[in-house]
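Source file data26.cif; content: mmCIF, C-alpha atoms.
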data_structure
loop_
_atom_site.label_atom_id
_atom_site.label_comp_id
_atom_site.auth_asym_id
_atom_site.auth_seq_id
_atom_site.Cartn_x
_atom_site.Cartn_y
_atom_site.Cartn_z
CA MET L 1 193.80 195.63 113.05
CA GLU L 2 192.07 192.33 112.23
CA LEU L 3 188.70 191.35 113.67
CA LYS L 4 188.81 187.69 114.74
CA LYS L 5 186.02 185.33 113.75
CA THR L 6 184.07 183.21 116.20
CA ALA L 7 185.35 179.63 116.00
CA GLY L 8 183.01 177.16 114.32
CA MET L 9 180.52 179.80 113.15
CA PRO L 10 180.22 181.07 109.55
CA ARG L 11 180.67 184.84 109.47
CA ILE L 12 178.25 186.93 107.44
CA VAL L 13 179.58 190.45 106.91
CA ILE L 14 176.93 193.03 105.97
CA ILE L 15 178.14 196.34 104.55
CA GLY L 16 175.44 198.94 105.17
CA GLY L 17 172.79 199.62 107.81
CA GLY L 18 169.93 200.67 105.55
CA PHE L 19 166.57 198.95 105.13
CA ALA L 20 168.11 195.95 103.37
CA GLY L 21 170.96 195.43 105.80
CA ILE L 22 168.98 195.71 109.03
CA ASN L 23 166.18 193.42 107.81
CA LEU L 24 168.71 190.79 106.77
CA ALA L 25 170.47 190.98 110.14
CA LYS L 26 167.18 190.81 112.07
CA LYS L 27 166.13 187.65 110.23
CA LEU L 28 169.43 185.98 111.17
CA LYS L 29 168.70 186.37 114.88
CA ASN L 30 169.26 183.12 116.84
CA LYS L 31 170.71 181.43 113.74
CA PRO L 32 174.05 179.53 114.07
CA VAL L 33 175.98 182.31 112.30
CA GLU L 34 178.08 185.31 113.28
CA VAL L 35 176.65 188.56 111.88
CA LEU L 36 178.99 191.55 111.55
CA MET L 37 177.59 194.82 110.22
CA LEU L 38 179.87 197.60 108.99
CA ASP L 39 178.66 201.14 108.30
CA LYS L 40 180.30 204.58 108.13
CA HIS L 41 177.41 205.90 110.26
CA ASN L 42 176.32 204.48 113.60
CA TYR L 43 172.65 205.01 112.79
CA HIS L 44 169.95 203.90 110.38
CA THR L 45 168.35 206.69 108.31
CA PHE L 46 164.69 206.73 107.30
CA GLN L 47 165.32 208.32 103.90
CA PRO L 48 161.68 208.87 102.78
CA LEU L 49 161.39 211.75 105.26
CA LEU L 50 164.71 213.46 104.50
CA TYR L 51 162.90 216.19 102.60
CA GLN L 52 160.93 217.10 105.75
CA VAL L 53 164.20 217.51 107.65
CA ALA L 54 165.43 219.74 104.82
CA MET L 55 162.29 221.87 105.04
CA GLY L 56 162.41 222.11 108.85
CA ALA L 57 159.17 220.16 109.27
CA ILE L 58 160.71 217.55 111.61
CA GLU L 59 163.89 217.21 113.63
CA ALA L 60 166.86 215.42 112.08
CA ASP L 61 167.21 213.05 115.05
CA SER L 62 163.67 211.77 114.54
CA ILE L 63 164.55 209.92 111.31
CA GLY L 64 167.81 208.41 112.57
CA PHE L 65 168.11 205.51 115.02
CA PRO L 66 171.28 203.98 116.53
CA LEU L 67 172.16 200.71 114.84
CA ARG L 68 173.47 199.17 118.04
CA ARG L 69 170.15 199.85 119.76
CA ILE L 70 168.17 198.19 116.97
CA PHE L 71 169.99 194.94 117.69
CA THR L 72 170.04 195.07 121.48
CA GLY L 73 169.64 191.49 122.67
CA GLN L 74 170.71 189.85 119.40
CA LYS L 75 173.66 187.84 120.68
CA ASN L 76 175.01 186.78 117.29
CA PHE L 77 175.20 190.38 116.02
CA THR L 78 178.15 192.82 116.14
CA PHE L 79 178.38 196.32 114.75
CA ASN L 80 181.55 198.23 113.88
CA LEU L 81 181.73 201.85 112.78
CA ALA L 82 183.83 201.52 109.63
CA GLU L 83 184.06 202.71 106.04
CA VAL L 84 184.82 199.87 103.65
CA LYS L 85 187.43 200.88 101.08
CA THR L 86 187.99 197.69 99.09
CA ILE L 87 186.56 194.22 98.71
CA ASN L 88 189.14 191.46 98.19
CA PRO L 89 187.16 188.50 96.75
CA GLU L 90 190.28 186.38 96.19
CA LYS L 91 191.07 186.52 99.92
CA ASN L 92 187.49 186.60 101.27
CA THR L 93 188.25 189.85 103.09
CA VAL L 94 187.23 193.48 103.04
CA THR L 95 189.62 196.33 103.72
CA ALA L 96 188.12 199.06 105.90
CA ASP L 97 189.52 202.07 107.72
CA ILE L 98 189.62 199.90 110.87
CA GLY L 99 191.59 197.09 109.24
CA GLU L 100 191.12 193.93 107.18
CA ILE L 101 188.08 191.80 107.97
CA ASP L 102 187.48 188.14 107.04
CA TYR L 103 184.14 186.84 105.83
CA ASP L 104 182.57 183.56 104.81
CA TYR L 105 179.62 185.32 103.19
CA LEU L 106 179.64 188.98 102.18
CA VAL L 107 176.50 191.05 101.66
CA ILE L 108 176.82 194.46 100.00
CA ALA L 109 173.90 196.67 101.10
CA THR L 110 175.50 200.08 100.66
CA GLY L 111 172.48 201.71 99.01
CA ALA L 112 172.57 204.47 96.42
CA ASN L 113 173.94 207.96 96.09
CA THR L 114 173.07 210.97 93.96
CA ASN L 115 173.73 210.63 90.23
CA PHE L 116 174.92 213.85 88.58
CA PHE L 117 175.48 212.04 85.27
CA GLY L 118 179.13 213.07 85.13
CA ASN L 119 178.46 216.84 85.20
CA LYS L 120 181.00 218.23 87.68
CA GLU L 121 179.61 221.77 87.55
CA ILE L 122 176.13 220.58 88.48
CA GLU L 123 177.61 218.33 91.17
CA HIS L 124 179.40 221.31 92.72
CA PHE L 125 176.62 223.90 92.65
CA THR L 126 173.42 221.91 93.24
CA MET L 127 172.21 220.52 96.56
CA PRO L 128 171.68 216.74 96.80
CA MET L 129 169.64 215.04 99.52
CA LYS L 130 170.58 211.41 100.20
CA ASN L 131 171.49 211.56 103.90
CA ILE L 132 170.81 213.56 107.05
CA SER L 133 173.87 215.79 106.61
CA GLU L 134 172.78 216.79 103.12
CA ALA L 135 169.22 217.46 104.31
CA LEU L 136 170.58 219.74 107.05
CA ASN L 137 172.79 221.44 104.46
CA ILE L 138 169.68 222.24 102.41
CA ARG L 139 167.91 223.59 105.49
CA SER L 140 170.80 225.92 106.38
CA PHE L 141 171.34 226.92 102.75
CA MET L 142 167.66 227.74 102.18
CA LEU L 143 167.29 229.74 105.40
CA GLN L 144 170.54 231.65 104.80
CA ASN L 145 169.31 232.67 101.35
CA LEU L 146 165.98 233.84 102.76
CA GLU L 147 167.87 235.97 105.31
CA LYS L 148 170.01 237.43 102.51
CA ALA L 149 166.91 238.19 100.46
CA VAL L 150 165.51 240.30 103.31
CA ILE L 151 168.48 242.67 103.37
CA THR L 152 169.82 242.80 99.80
CA LYS L 153 169.25 245.98 97.79
CA ASP L 154 169.96 244.25 94.48
CA PHE L 155 166.59 243.33 92.95
CA THR L 156 168.02 240.72 90.57
CA GLU L 157 169.98 239.05 93.36
CA ARG L 158 166.89 239.10 95.56
CA GLU L 159 164.93 237.37 92.82
CA ALA L 160 167.64 234.71 92.50
CA LEU L 161 167.70 234.11 96.26
CA LEU L 162 163.92 233.62 96.27
CA THR L 163 163.78 231.27 93.28
CA PHE L 164 163.88 227.55 94.07
CA VAL L 165 164.35 224.86 91.44
CA VAL L 166 163.85 221.15 92.12
CA VAL L 167 165.32 218.90 89.44
CA GLY L 168 163.66 215.51 89.20
CA GLY L 169 159.96 214.66 89.18
CA GLY L 170 160.00 211.39 91.11
CA PRO L 171 158.54 211.05 94.62
CA THR L 172 161.41 212.99 96.24
CA GLY L 173 161.20 215.86 93.75
CA VAL L 174 157.41 216.08 93.94
CA GLU L 175 157.36 216.01 97.75
CA LEU L 176 160.20 218.53 98.03
CA SER L 177 158.65 221.01 95.58
CA GLY L 178 155.28 220.63 97.33
CA ALA L 179 156.92 221.35 100.71
CA LEU L 180 158.62 224.44 99.29
CA ALA L 181 155.29 225.69 97.93
CA GLU L 182 153.65 225.11 101.32
CA MET L 183 156.38 227.08 103.03
CA ARG L 184 155.89 229.96 100.61
CA ASN L 185 152.08 229.90 100.96
CA ASN L 186 151.88 229.42 104.74
CA VAL L 187 155.12 230.59 106.36
CA LEU L 188 157.06 233.10 104.26
CA CYS L 189 155.00 236.21 105.04
CA LYS L 190 154.72 235.31 108.74
CA ASP L 191 158.43 234.77 109.34
CA TYR L 192 159.66 237.39 106.85
CA PRO L 193 157.14 240.30 106.85
CA SER L 194 159.14 242.20 104.22
CA LEU L 195 158.61 239.34 101.77
CA CYS L 196 155.37 238.14 100.19
CA GLU L 197 154.23 234.98 98.46
CA GLU L 198 154.62 236.48 95.00
CA ASP L 199 158.33 237.08 95.64
CA MET L 200 159.16 233.37 95.97
CA LYS L 201 159.03 231.06 92.96
CA VAL L 202 159.17 227.26 92.90
CA TYR L 203 160.03 225.30 89.75
CA LEU L 204 160.02 221.56 89.13
CA VAL L 205 162.09 220.34 86.18
CA GLU L 206 161.54 216.77 84.96
CA GLY L 207 162.96 214.94 81.95
CA LYS L 208 159.94 212.68 81.47
CA PRO L 209 156.61 213.88 80.00
CA VAL L 210 154.96 213.42 83.41
CA VAL L 211 155.80 213.65 87.11
CA LEU L 212 155.76 210.46 89.19
CA GLY L 213 156.37 208.48 86.01
CA ALA L 214 156.66 205.19 87.93
CA MET L 215 153.12 205.54 89.31
CA SER L 216 149.77 205.28 87.54
CA ALA L 217 148.61 207.86 85.01
CA GLN L 218 145.90 208.93 87.46
CA ALA L 219 148.39 209.46 90.30
CA SER L 220 150.71 211.38 87.99
CA ALA L 221 147.93 213.66 86.76
CA LYS L 222 146.59 214.35 90.26
CA ALA L 223 150.07 215.10 91.62
CA LYS L 224 150.71 217.57 88.81
CA GLU L 225 147.31 219.16 89.32
CA GLY L 226 147.98 219.57 93.04
CA LEU L 227 151.40 221.13 92.50
CA LEU L 228 150.06 223.56 89.91
CA LYS L 229 147.30 224.67 92.29
CA MET L 230 149.96 225.35 94.92
CA GLY L 231 151.81 227.59 92.46
CA VAL L 232 154.64 225.28 91.37
CA VAL L 233 155.81 225.88 87.80
CA ILE L 234 156.44 222.51 86.12
CA TYR L 235 158.65 221.92 83.10
CA ASN L 236 158.29 218.42 81.63
CA SER L 237 160.32 216.68 78.89
CA VAL L 238 163.34 218.91 79.51
CA HIS L 239 166.77 218.42 81.07
CA VAL L 240 169.13 220.72 82.93
CA GLN L 241 172.03 221.55 80.66
CA SER L 242 174.21 223.55 83.06
CA TYR L 243 174.16 225.46 86.32
CA ASP L 244 176.92 227.76 87.56
CA GLY L 245 175.41 228.72 90.92
CA TYR L 246 173.38 231.55 89.41
CA LEU L 247 172.14 230.76 85.90
CA LEU L 248 170.40 227.46 85.20
CA LYS L 249 170.10 226.49 81.54
CA ILE L 250 167.57 223.97 80.24
CA ASP L 251 168.04 222.13 76.96
CA ASP L 252 164.89 223.65 75.42
CA GLY L 253 166.42 227.13 75.63
CA LYS L 254 164.83 228.25 78.90
CA THR L 255 166.99 229.89 81.56
CA ILE L 256 166.27 230.49 85.25
CA ILE L 257 168.17 232.85 87.51
CA THR L 258 168.40 231.12 90.88
CA ARG L 259 170.65 230.56 93.88
CA ASN L 260 168.75 227.44 94.93
CA VAL L 261 168.84 224.22 92.90
CA PHE L 262 167.97 220.95 94.64
CA TRP L 263 169.02 217.83 92.73
CA ALA L 264 166.65 214.84 92.88
CA ALA L 265 167.10 213.70 89.29
CA GLY L 266 168.77 210.34 89.66
CA VAL L 267 170.59 207.80 91.79
CA MET L 268 173.44 205.37 91.30
CA GLY L 269 174.62 202.45 93.36
CA GLU L 270 177.36 203.06 95.89
CA VAL L 271 179.65 200.14 95.02
CA PRO L 272 182.75 199.66 97.19
CA GLY L 273 186.11 199.36 95.45
CA GLY L 274 187.39 195.96 94.36
CA MET L 275 184.33 194.74 92.47
CA PRO L 276 185.12 194.11 88.77
CA GLU L 277 183.39 196.31 86.20
CA GLY L 278 181.84 193.17 84.74
CA THR L 279 179.65 192.86 87.82
CA ILE L 280 178.34 196.43 87.51
CA THR L 281 175.36 197.23 85.31
CA LYS L 282 173.13 200.23 84.54
CA GLY L 283 172.98 202.81 87.31
CA ARG L 284 176.25 201.47 88.78
CA ARG L 285 174.42 198.63 90.46
CA LEU L 286 175.73 195.15 91.09
CA GLN L 287 174.10 192.56 88.88
CA VAL L 288 172.68 189.70 90.94
CA ASP L 289 170.86 186.44 90.27
CA GLU L 290 167.49 185.26 91.61
CA ILE L 291 168.89 184.77 95.13
CA SER L 292 170.72 188.14 95.22
CA ARG L 293 174.13 186.59 94.55
CA VAL L 294 176.53 188.81 92.59
CA VAL L 295 177.20 187.29 89.16
CA GLY L 296 180.49 185.42 89.04
CA TYR L 297 180.71 184.79 92.79
CA GLN L 298 179.48 182.08 95.13
CA ASN L 299 179.66 183.89 98.48
CA ILE L 300 179.16 187.59 97.63
CA PHE L 301 175.62 188.97 97.62
CA SER L 302 174.03 192.37 97.08
CA ILE L 303 170.63 193.67 98.23
CA GLY L 304 168.73 196.95 98.23
CA ASP L 305 169.36 199.93 95.98
CA VAL L 306 172.92 198.90 95.09
CA SER L 307 171.71 195.65 93.49
CA ALA L 308 170.09 194.96 90.13
CA MET L 309 168.04 191.78 89.90
CA ILE L 310 167.15 191.84 86.19
CA THR L 311 164.28 189.53 85.21
CA PRO L 312 161.79 189.41 82.30
CA GLU L 313 159.13 190.70 84.73
CA MET L 314 161.43 193.48 85.99
CA PRO L 315 163.77 194.52 83.14
CA ASN L 316 164.98 197.50 85.19
CA GLY L 317 165.40 195.51 88.39
CA ILE L 318 163.51 195.77 91.66
CA PRO L 319 162.18 199.33 92.24
CA GLY L 320 164.53 201.40 94.37
CA MET L 321 162.13 201.80 97.27
CA ALA L 322 162.17 200.73 100.90
CA GLN L 323 159.83 197.79 100.34
CA GLY L 324 162.18 196.26 97.76
CA ALA L 325 165.15 196.58 100.11
CA ILE L 326 163.21 195.09 103.02
CA GLN L 327 161.98 192.15 100.97
CA THR L 328 165.38 191.27 99.47
CA GLY L 329 167.00 191.50 102.90
CA ARG L 330 164.51 189.14 104.52
CA HIS L 331 164.59 186.72 101.59
CA LEU L 332 168.38 186.55 101.52
CA ALA L 333 168.46 185.61 105.20
CA LYS L 334 166.49 182.47 104.39
CA ASN L 335 168.66 181.59 101.40
CA LEU L 336 171.90 182.09 103.32
CA MET L 337 170.74 179.53 105.84
CA HIS L 338 169.75 177.20 102.99
CA LEU L 339 173.26 177.52 101.54
CA ILE L 340 174.93 176.97 104.90
CA ASN L 341 172.79 173.88 105.52
CA GLY L 342 173.30 172.51 101.99
CA GLU L 343 169.63 172.96 101.08
CA PRO L 344 168.09 174.20 97.79
CA THR L 345 167.65 177.96 97.53
CA VAL L 346 164.39 179.72 96.68
CA PRO L 347 164.19 182.38 93.91
CA PHE L 348 163.11 185.85 94.99
CA LYS L 349 159.65 187.10 94.02
CA TYR L 350 158.92 190.80 94.45
CA TRP L 351 155.60 191.70 96.04
CA ASP L 352 154.54 195.19 95.02
CA LYS L 353 152.59 196.56 97.99
CA GLY L 354 151.85 199.80 96.18
CA SER L 355 153.21 203.33 95.95
CA LEU L 356 152.45 206.54 97.82
CA ALA L 357 153.50 210.16 97.38
CA THR L 358 152.37 213.33 99.10
CA VAL L 359 152.01 216.72 97.46
CA GLY L 360 151.21 218.68 100.60
CA GLN L 361 148.91 218.81 103.59
CA ASN L 362 145.70 216.83 102.89
CA LYS L 363 146.98 216.04 99.40
CA ALA L 364 148.58 212.75 98.34
CA VAL L 365 148.27 210.04 95.68
CA ALA L 366 148.19 206.28 96.18
CA ASP L 367 148.46 203.22 93.95
CA ILE L 368 147.55 200.13 95.99
CA TRP L 369 147.39 197.10 93.70
CA LYS L 370 144.62 198.01 91.24
CA LEU L 371 143.24 200.81 93.39
CA HIS L 372 144.14 204.41 92.56
CA PHE L 373 143.01 207.21 94.84
CA HIS L 374 144.07 210.67 95.94
CA GLY L 375 143.33 213.47 98.35
CA TYR L 376 142.75 213.35 102.09
CA ILE L 377 142.41 209.56 102.46
CA ALA L 378 145.60 208.97 100.48
CA TRP L 379 147.35 211.55 102.66
CA LEU L 380 146.23 209.81 105.87
CA LEU L 381 147.46 206.50 104.46
CA TRP L 382 150.79 208.07 103.50
CA MET L 383 151.22 209.42 107.04
CA PHE L 384 150.27 206.12 108.69
CA VAL L 385 152.62 204.02 106.53
CA HIS L 386 155.57 206.36 107.05
CA LEU L 387 154.94 206.74 110.76
CA MET L 388 154.74 202.98 111.33
CA SER L 389 157.85 202.38 109.20
CA LEU L 390 160.04 204.59 111.39
CA VAL L 391 162.44 202.70 113.67
CA GLY L 392 161.95 203.30 117.40
CA PHE L 393 158.96 204.45 119.45
CA SER L 394 160.63 207.77 120.33
CA ASN L 395 161.02 208.60 116.63
CA LYS L 396 157.40 207.72 115.90
CA LEU L 397 156.24 209.92 118.76
CA SER L 398 158.50 212.83 117.79
CA VAL L 399 157.35 212.81 114.16
CA PHE L 400 153.68 212.44 115.14
CA VAL L 401 153.89 215.44 117.49
CA SER L 402 155.66 217.52 114.82
CA TRP L 403 153.04 216.60 112.22
CA ALA L 404 150.16 217.34 114.60
CA SER L 405 151.62 220.76 115.44
CA LYS L 406 152.17 221.55 111.77
CA TYR L 407 148.65 220.43 110.87
CA PHE L 408 147.00 222.89 113.25
CA THR L 409 149.43 225.80 112.99
CA ARG L 410 150.60 225.32 109.38
CA ASN L 411 154.03 226.22 110.74
CA THR L 412 157.05 224.48 112.32
CA ASP L 413 159.68 225.23 114.96
CA ASN L 414 162.67 223.50 113.35
CA ARG L 415 163.94 226.23 111.04
CA LEU L 416 167.22 226.76 112.88
CA ILE L 417 170.55 227.69 111.32
CA VAL L 418 172.74 225.70 113.67
CA ARG L 419 175.63 225.60 111.20
CA PHE L 420 176.35 227.80 108.20
CA PHE L 421 176.65 226.34 104.72
CA ASN L 422 179.56 227.91 102.84
CA THR L 423 178.41 228.37 99.26
CA GLU L 424 181.98 228.56 97.95
CA THR L 425 183.49 225.51 99.62
CA ARG L 426 180.11 223.67 99.70
CA MET L 427 180.88 222.70 103.29
CA THR L 428 179.29 223.50 106.63
CA GLU L 429 180.85 225.73 109.26
CA PRO L 430 179.91 226.22 112.91
CA VAL L 431 177.86 229.29 113.74
CA SER L 432 180.06 231.95 115.32
CA LYS L 433 179.56 232.51 119.04
#
Any chance you could put this one into structure tokens?
Amino acid sequence: MELKKTAGMPRIVIIGGGFAGINLAKKLKNKPVEVLMLDKHNYHTFQPLLYQVAMGAIEADSIGFPLRRIFTGQKNFTFNLAEVKTINPEKNTVTADIGEIDYDYLVIATGANTNFFGNKEIEHFTMPMKNISEALNIRSFMLQNLEKAVITKDFTEREALLTFVVVGGGPTGVELSGALAEMRNNVLCKDYPSLCEEDMKVYLVEGKPVVLGAMSAQASAKAKEGLLKMGVVIYNSVHVQSYDGYLLKIDDGKTIITRNVFWAAGVMGEVPGGMPEGTITKGRRLQVDEISRVVGYQNIFSIGDVSAMITPEMPNGIPGMAQGAIQTGRHLAKNLMHLINGEPTVPFKYWDKGSLATVGQNKAVADIWKLHFHGYIAWLLWMFVHLMSLVGFSNKLSVFVSWASKYFTRNTDNRLIVRFFNTETRMTEPVSK
């Protein structure tokens, strides 16, 4: 199958419907170009709230929104459900599972995936959380283990089932470990009367000396203080050495018996096949210039988490957050039109709007320019920013209602095991009728 181009119109093919891809496509509305988006999912995922899906705080559907609906009314936009296998730069085509597709300009916005640093054992036995399916896997896995803990007669196994380890002390790891601690402190005894708070343990393992290392020292200290008050045990400056599904070994000699290890320790770019290794830099990201063009190519670009725009001001590239993806997507739209019209391009300048992270209800930290604050006000700001960033009014309403209910009841109604997670195959299975 070959998708035909519109005559007389340059075709811009965008691989990926994340923050970068959808903001690029939106900015090309009403421009004299043909925009074709390819994604292996037919929806956009609001990744910052994946951990709340995993913890049963909100419904999975409330952080996903159909890509076709986002672009309703944009006449120059087309979406195809497709997984891109290979990029063929010499032919200006991409090979996908639906056929070969021509492009005039190609934009790779495939985002990032979990980085297990080459450790196959850890990859097999730990639980990542980069998409809705993985978040639902964690939810089923966690609830299944709590159900097992209620009935097992083996004390050691019960302890392992009730021990939760989060690896990685960035925003995802901090928010996930805080949510686990909240569940233990507010929900465990209510839903499982035979269990008590002291039975469940939550650990956070981080390789850096601090948590939230990318934020200010004040934010880092307050986040750690909040987690410790909630009963989270934090190990800093250590790395997970191995995990076999039962025994987790840390490189300082510590061991933890656990059935639950959630991996939030690193990411790597999800680069489609066909791109030469010379274009790939640290973190398996595509190296791009100041207009997001992949080095060595004139008509291939990369934006969002899969790209690395290395500059003296940003030696590690643009931070892998939503705001960076949104900004590069919008900026590239302007430069693509400059290129098509034969006009000079404009170098990208990153605008850091600040960073937010929540530790739990009424507890968050915020770095907004030179302002650093924490507590209830930071938590309200975190909620407002995330709520307004969701795509679709129905999603905003659904999340707001869930949050309001949780605020007053300190409980949620989304802890359903709608599919079993097989711990041996690491795959989901339908619940038996």
Residues in the PyMOL selection byres ((chain L and resi 220) around 12), expressed as an MDAnalysis selection string: chainID L and resid 169:171 174 208:219 221:227 355:359 364:367 372:374
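What the PyMOL selection byres ((chain L and resi 58) around 8) picks from this file is Gln52, Val53, Gly56, Ala57, Glu59, Ala60, Ser62, Val399, Ser402, Trp403, Thr412 and Asn414 of chain L.
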Output check: residues returned by the PyMOL selection byres ((chain L and resi 75) around 12), as a ChimeraX atom specification: /L:25-26,28-36,68,71-74,76-79
Non-local contacts of Ile417 (chain L) (9 Å; all atoms listed in the file; under 4 positions in same chain excluded) as a ChimeraX atom specification: /L:139-141,143-144,431
Non-local contacts of Asp244 (chain L) (10 Å; only C-alpha atoms; under 4 positions in same chain excluded) as a ChimeraX atom specification: /L:121-122,124-126,248-249,258-259
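The shortest atom-to-atom distance to Leu332 (chain L), with only C-alpha atoms taken into account, belongs to L:Leu24 out of L:Leu204, L:Met383, L:Ile12, L:Leu24.
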Minimum-distance residue to Gly18 (chain L), chosen among L:Phe164, L:Tyr297, L:Tyr246, L:Phe65 (using all atoms listed in the file):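 Once distances to Gly18 (chain L) are computed over all atoms listed in the file, the minimum belongs to L:Phe65.
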Selection: 8 Å around Thr172 (chain L), all atoms listed in the file, excl. self and same-chain fewer than 3 positions, as a PyMOL selection string: chain L and resi 48+51+168-169+175-176+264
Point-to-point distance in Å for CA of Pro347 (chain L) and CA of Val295 (chain L):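 According to the coordinates, CA of Val295 (chain L) and CA of Pro347 (chain L) are separated by 14.7 Å.
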Straight-line distance linking CA of Lys85 (chain L) with CA of Gly16 (chain L), stated in Å to one decimal: 12.8 Å
Quick one: region 319-335 of chain L with N, CA, C and O atoms, as a PDB file, in the frame of the given file?
ATOM      1  N   PRO L 319     162.259 197.877  92.015  1.00  0.00           N
ATOM      2  CA  PRO L 319     162.180 199.330  92.240  1.00  0.00           C
ATOM      3  C   PRO L 319     163.000 199.764  93.443  1.00  0.00           C
ATOM      4  O   PRO L 319     163.038 199.076  94.467  1.00  0.00           O
ATOM      5  N   GLY L 320     163.658 200.902  93.302  1.00  0.00           N
ATOM      6  CA  GLY L 320     164.530 201.400  94.370  1.00  0.00           C
ATOM      7  C   GLY L 320     163.744 202.068  95.482  1.00  0.00           C
ATOM      8  O   GLY L 320     163.874 203.278  95.719  1.00  0.00           O
ATOM      9  N   MET L 321     162.929 201.292  96.159  1.00  0.00           N
ATOM     10  CA  MET L 321     162.130 201.800  97.270  1.00  0.00           C
ATOM     11  C   MET L 321     162.388 200.939  98.503  1.00  0.00           C
ATOM     12  O   MET L 321     162.945 199.845  98.419  1.00  0.00           O
ATOM     13  N   ALA L 322     161.924 201.430  99.648  1.00  0.00           N
ATOM     14  CA  ALA L 322     162.170 200.730 100.900  1.00  0.00           C
ATOM     15  C   ALA L 322     161.622 199.313 100.891  1.00  0.00           C
ATOM     16  O   ALA L 322     162.252 198.384 101.392  1.00  0.00           O
ATOM     17  N   GLN L 323     160.435 199.119 100.304  1.00  0.00           N
ATOM     18  CA  GLN L 323     159.830 197.790 100.340  1.00  0.00           C
ATOM     19  C   GLN L 323     160.661 196.773  99.577  1.00  0.00           C
ATOM     20  O   GLN L 323     160.754 195.602  99.995  1.00  0.00           O
ATOM     21  N   GLY L 324     161.311 197.174  98.484  1.00  0.00           N
ATOM     22  CA  GLY L 324     162.180 196.260  97.760  1.00  0.00           C
ATOM     23  C   GLY L 324     163.390 195.873  98.578  1.00  0.00           C
ATOM     24  O   GLY L 324     163.815 194.699  98.595  1.00  0.00           O
ATOM     25  N   ALA L 325     163.984 196.845  99.264  1.00  0.00           N
ATOM     26  CA  ALA L 325     165.150 196.580 100.110  1.00  0.00           C
ATOM     27  C   ALA L 325     164.788 195.656 101.263  1.00  0.00           C
ATOM     28  O   ALA L 325     165.531 194.716 101.595  1.00  0.00           O
ATOM     29  N   ILE L 326     163.653 195.920 101.893  1.00  0.00           N
ATOM     30  CA  ILE L 326     163.210 195.090 103.020  1.00  0.00           C
ATOM     31  C   ILE L 326     162.981 193.654 102.575  1.00  0.00           C
ATOM     32  O   ILE L 326     163.429 192.701 103.223  1.00  0.00           O
ATOM     33  N   GLN L 327     162.301 193.491 101.442  1.00  0.00           N
ATOM     34  CA  GLN L 327     161.980 192.150 100.970  1.00  0.00           C
ATOM     35  C   GLN L 327     163.230 191.362 100.575  1.00  0.00           C
ATOM     36  O   GLN L 327     163.354 190.168 100.898  1.00  0.00           O
ATOM     37  N   THR L 328     164.169 191.998  99.870  1.00  0.00           N
ATOM     38  CA  THR L 328     165.380 191.270  99.470  1.00  0.00           C
ATOM     39  C   THR L 328     166.224 190.919 100.686  1.00  0.00           C
ATOM     40  O   THR L 328     166.847 189.851 100.725  1.00  0.00           O
ATOM     41  N   GLY L 329     166.254 191.798 101.691  1.00  0.00           N
ATOM     42  CA  GLY L 329     167.000 191.500 102.900  1.00  0.00           C
ATOM     43  C   GLY L 329     166.448 190.296 103.634  1.00  0.00           C
ATOM     44  O   GLY L 329     167.188 189.387 104.031  1.00  0.00           O
ATOM     45  N   ARG L 330     165.138 190.254 103.816  1.00  0.00           N
ATOM     46  CA  ARG L 330     164.510 189.140 104.520  1.00  0.00           C
ATOM     47  C   ARG L 330     164.650 187.841 103.735  1.00  0.00           C
ATOM     48  O   ARG L 330     164.879 186.767 104.311  1.00  0.00           O
ATOM     49  N   HIS L 331     164.506 187.920 102.421  1.00  0.00           N
ATOM     50  CA  HIS L 331     164.590 186.720 101.590  1.00  0.00           C
ATOM     51  C   HIS L 331     166.002 186.150 101.581  1.00  0.00           C
ATOM     52  O   HIS L 331     166.201 184.923 101.633  1.00  0.00           O
ATOM     53  N   LEU L 332     167.000 187.029 101.531  1.00  0.00           N
ATOM     54  CA  LEU L 332     168.380 186.550 101.520  1.00  0.00           C
ATOM     55  C   LEU L 332     168.733 185.833 102.811  1.00  0.00           C
ATOM     56  O   LEU L 332     169.511 184.864 102.798  1.00  0.00           O
ATOM     57  N   ALA L 333     168.187 186.281 103.926  1.00  0.00           N
ATOM     58  CA  ALA L 333     168.460 185.610 105.200  1.00  0.00           C
ATOM     59  C   ALA L 333     168.079 184.138 105.120  1.00  0.00           C
ATOM     60  O   ALA L 333     168.820 183.250 105.579  1.00  0.00           O
ATOM     61  N   LYS L 334     166.935 183.856 104.532  1.00  0.00           N
ATOM     62  CA  LYS L 334     166.490 182.470 104.390  1.00  0.00           C
ATOM     63  C   LYS L 334     167.429 181.685 103.477  1.00  0.00           C
ATOM     64  O   LYS L 334     167.811 180.546 103.776  1.00  0.00           O
ATOM     65  N   ASN L 335     167.809 182.301 102.350  1.00  0.00           N
ATOM     66  CA  ASN L 335     168.660 181.590 101.400  1.00  0.00           C
ATOM     67  C   ASN L 335     170.082 181.373 101.925  1.00  0.00           C
ATOM     68  O   ASN L 335     170.720 180.374 101.598  1.00  0.00           O
TER      69      ASN L 335
END
